[in-house]
Amino acid sequence: MARFATENLKEVENQGVKFGLDENDLQLRMAKDPLGCENLGISYERLGPGYRSAFGHRHKEQEEVYVLVTGVPG
């Protein structure tokens, strides 16, 4: 039987506060470790109205996929 793990992404610890980000501006909940993943990361991000990220990042060996659930084009 296959092993699996489940997490409610909205209940994973908000890492944004560790970067000094206000929870009303950005919630960043990264579930790679809570799920026990070795090569896959999955995150939940919630951006407040009008919020624009002030930084970006790169990975040498990882791709990222973003799914927009709801929002208003700006």
# chains A, B, ... in the order shown; residues from 1 in each chain; ligands from 1
>>> residues_around(residues="A:Ser53", least_positions_apart="3", cutoff="12 Å", atoms="only C-alpha atoms", output="PDB file with C-alpha atoms, in the first residue's frame")
ATOM      1  CA  GLY A  16       5.800  35.305   5.459  1.00  0.00           C
ATOM      2  CA  LEU A  21       5.679  40.562   5.942  1.00  0.00           C
ATOM      3  CA  ASP A  25      -0.349  41.690   2.707  1.00  0.00           C
ATOM      4  CA  LEU A  26       1.016  38.206   2.068  1.00  0.00           C
ATOM      5  CA  GLN A  27       0.546  34.760   3.528  1.00  0.00           C
ATOM      6  CA  LEU A  28       3.193  32.260   2.432  1.00  0.00           C
ATOM      7  CA  GLU A  45       0.116  32.097  -1.118  1.00  0.00           C
ATOM      8  CA  ARG A  46      -2.561  34.635  -0.321  1.00  0.00           C
ATOM      9  CA  LEU A  47      -1.935  38.186  -1.489  1.00  0.00           C
ATOM     10  CA  GLY A  48      -3.804  41.112  -0.001  1.00  0.00           C
ATOM     11  CA  PRO A  49      -5.581  43.665  -2.219  1.00  0.00           C
ATOM     12  CA  GLY A  50      -3.078  45.696  -4.247  1.00  0.00           C
ATOM     13  CA  GLY A  56      11.854  37.428  -6.776  1.00  0.00           C
ATOM     14  CA  HIS A  57      13.987  34.308  -6.683  1.00  0.00           C
TER      15      HIS A  57
END
>>> residues_around(residues="A:Thr6", least_positions_apart="2", cutoff="10 Å", atoms="only C-alpha atoms", output="ChimeraX atom specification")
/A:4,8-9,31,34-36
>>> select_by_dssp(residues="chain A", states="strand (DSSP E or B)", output="PDB file with C-alpha atoms, in the first residue's frame")
ATOM      1  CA  LEU A  26       1.016  38.206   2.068  1.00  0.00           C
ATOM      2  CA  GLN A  27       0.546  34.760   3.528  1.00  0.00           C
ATOM      3  CA  LEU A  28       3.193  32.260   2.432  1.00  0.00           C
ATOM      4  CA  ARG A  29       2.550  28.691   3.561  1.00  0.00           C
ATOM      5  CA  MET A  30       5.140  26.200   2.274  1.00  0.00           C
ATOM      6  CA  SER A  43       2.913  26.350  -1.364  1.00  0.00           C
ATOM      7  CA  TYR A  44      -0.187  28.355  -0.605  1.00  0.00           C
ATOM      8  CA  GLU A  45       0.116  32.097  -1.118  1.00  0.00           C
ATOM      9  CA  ARG A  46      -2.561  34.635  -0.321  1.00  0.00           C
ATOM     10  CA  LEU A  47      -1.935  38.186  -1.489  1.00  0.00           C
TER      11      LEU A  47
END
>>> decode(residues="stretch 45-67 of chain A", atoms="N, CA and C atoms", output="PDB file, in the first residue's frame")
ATOM      1  N   GLU A  45      -0.143  30.668  -1.279  1.00  0.00           N
ATOM      2  CA  GLU A  45       0.116  32.097  -1.118  1.00  0.00           C
ATOM      3  C   GLU A  45      -1.201  32.847  -1.198  1.00  0.00           C
ATOM      4  N   ARG A  46      -1.377  33.771  -0.287  1.00  0.00           N
ATOM      5  CA  ARG A  46      -2.561  34.635  -0.321  1.00  0.00           C
ATOM      6  C   ARG A  46      -2.073  36.070  -0.305  1.00  0.00           C
ATOM      7  N   LEU A  47      -2.362  36.798  -1.364  1.00  0.00           N
ATOM      8  CA  LEU A  47      -1.935  38.186  -1.489  1.00  0.00           C
ATOM      9  C   LEU A  47      -3.088  39.102  -1.155  1.00  0.00           C
ATOM     10  N   GLY A  48      -2.805  40.127  -0.352  1.00  0.00           N
ATOM     11  CA  GLY A  48      -3.804  41.112  -0.001  1.00  0.00           C
ATOM     12  C   GLY A  48      -4.097  42.024  -1.191  1.00  0.00           C
ATOM     13  N   PRO A  49      -5.206  42.759  -1.133  1.00  0.00           N
ATOM     14  CA  PRO A  49      -5.581  43.665  -2.219  1.00  0.00           C
ATOM     15  C   PRO A  49      -4.460  44.655  -2.538  1.00  0.00           C
ATOM     16  N   GLY A  50      -4.088  44.747  -3.798  1.00  0.00           N
ATOM     17  CA  GLY A  50      -3.078  45.696  -4.247  1.00  0.00           C
ATOM     18  C   GLY A  50      -1.654  45.326  -3.891  1.00  0.00           C
ATOM     19  N   TYR A  51      -1.414  44.172  -3.263  1.00  0.00           N
ATOM     20  CA  TYR A  51      -0.060  43.791  -2.856  1.00  0.00           C
ATOM     21  C   TYR A  51       0.778  43.418  -4.072  1.00  0.00           C
ATOM     22  N   ARG A  52       2.009  43.916  -4.115  1.00  0.00           N
ATOM     23  CA  ARG A  52       2.966  43.563  -5.168  1.00  0.00           C
ATOM     24  C   ARG A  52       4.247  43.121  -4.482  1.00  0.00           C
ATOM     25  N   SER A  53       4.763  41.978  -4.886  1.00  0.00           N
ATOM     26  CA  SER A  53       5.985  41.449  -4.290  1.00  0.00           C
ATOM     27  C   SER A  53       7.165  42.353  -4.612  1.00  0.00           C
ATOM     28  N   ALA A  54       8.015  42.568  -3.619  1.00  0.00           N
ATOM     29  CA  ALA A  54       9.180  43.432  -3.797  1.00  0.00           C
ATOM     30  C   ALA A  54      10.430  42.634  -4.162  1.00  0.00           C
ATOM     31  N   PHE A  55      10.309  41.317  -4.275  1.00  0.00           N
ATOM     32  CA  PHE A  55      11.482  40.502  -4.579  1.00  0.00           C
ATOM     33  C   PHE A  55      11.075  39.266  -5.381  1.00  0.00           C
ATOM     34  N   GLY A  56      12.048  38.668  -6.034  1.00  0.00           N
ATOM     35  CA  GLY A  56      11.854  37.428  -6.776  1.00  0.00           C
ATOM     36  C   GLY A  56      12.937  36.447  -6.367  1.00  0.00           C
ATOM     37  N   HIS A  57      12.959  35.292  -6.990  1.00  0.00           N
ATOM     38  CA  HIS A  57      13.987  34.308  -6.683  1.00  0.00           C
ATOM     39  C   HIS A  57      14.145  33.343  -7.851  1.00  0.00           C
ATOM     40  N   ARG A  58      15.189  32.526  -7.795  1.00  0.00           N
ATOM     41  CA  ARG A  58      15.464  31.542  -8.848  1.00  0.00           C
ATOM     42  C   ARG A  58      15.824  30.205  -8.226  1.00  0.00           C
ATOM     43  N   HIS A  59      15.630  29.158  -9.016  1.00  0.00           N
ATOM     44  CA  HIS A  59      16.047  27.818  -8.636  1.00  0.00           C
ATOM     45  C   HIS A  59      16.840  27.236  -9.794  1.00  0.00           C
ATOM     46  N   LYS A  60      17.930  26.528  -9.494  1.00  0.00           N
ATOM     47  CA  LYS A  60      18.721  25.890 -10.546  1.00  0.00           C
ATOM     48  C   LYS A  60      18.063  24.613 -11.056  1.00  0.00           C
ATOM     49  N   GLU A  61      17.379  23.886 -10.169  1.00  0.00           N
ATOM     50  CA  GLU A  61      16.869  22.581 -10.555  1.00  0.00           C
ATOM     51  C   GLU A  61      15.401  22.370 -10.210  1.00  0.00           C
ATOM     52  N   GLN A  62      14.659  23.437 -10.081  1.00  0.00           N
ATOM     53  CA  GLN A  62      13.252  23.281  -9.714  1.00  0.00           C
ATOM     54  C   GLN A  62      12.401  24.205 -10.559  1.00  0.00           C
ATOM     55  N   GLU A  63      11.286  23.676 -11.034  1.00  0.00           N
ATOM     56  CA  GLU A  63      10.314  24.495 -11.740  1.00  0.00           C
ATOM     57  C   GLU A  63       9.173  24.811 -10.781  1.00  0.00           C
ATOM     58  N   GLU A  64       8.451  25.866 -11.058  1.00  0.00           N
ATOM     59  CA  GLU A  64       7.321  26.239 -10.228  1.00  0.00           C
ATOM     60  C   GLU A  64       6.085  26.407 -11.102  1.00  0.00           C
ATOM     61  N   VAL A  65       4.953  26.026 -10.551  1.00  0.00           N
ATOM     62  CA  VAL A  65       3.674  26.177 -11.225  1.00  0.00           C
ATOM     63  C   VAL A  65       2.785  27.012 -10.311  1.00  0.00           C
ATOM     64  N   TYR A  66       2.133  28.019 -10.854  1.00  0.00           N
ATOM     65  CA  TYR A  66       1.237  28.867 -10.083  1.00  0.00           C
ATOM     66  C   TYR A  66      -0.189  28.690 -10.613  1.00  0.00           C
ATOM     67  N   VAL A  67      -1.130  28.556  -9.725  1.00  0.00           N
ATOM     68  CA  VAL A  67      -2.531  28.447 -10.090  1.00  0.00           C
ATOM     69  C   VAL A  67      -3.258  29.614  -9.431  1.00  0.00           C
TER      70      VAL A  67
END
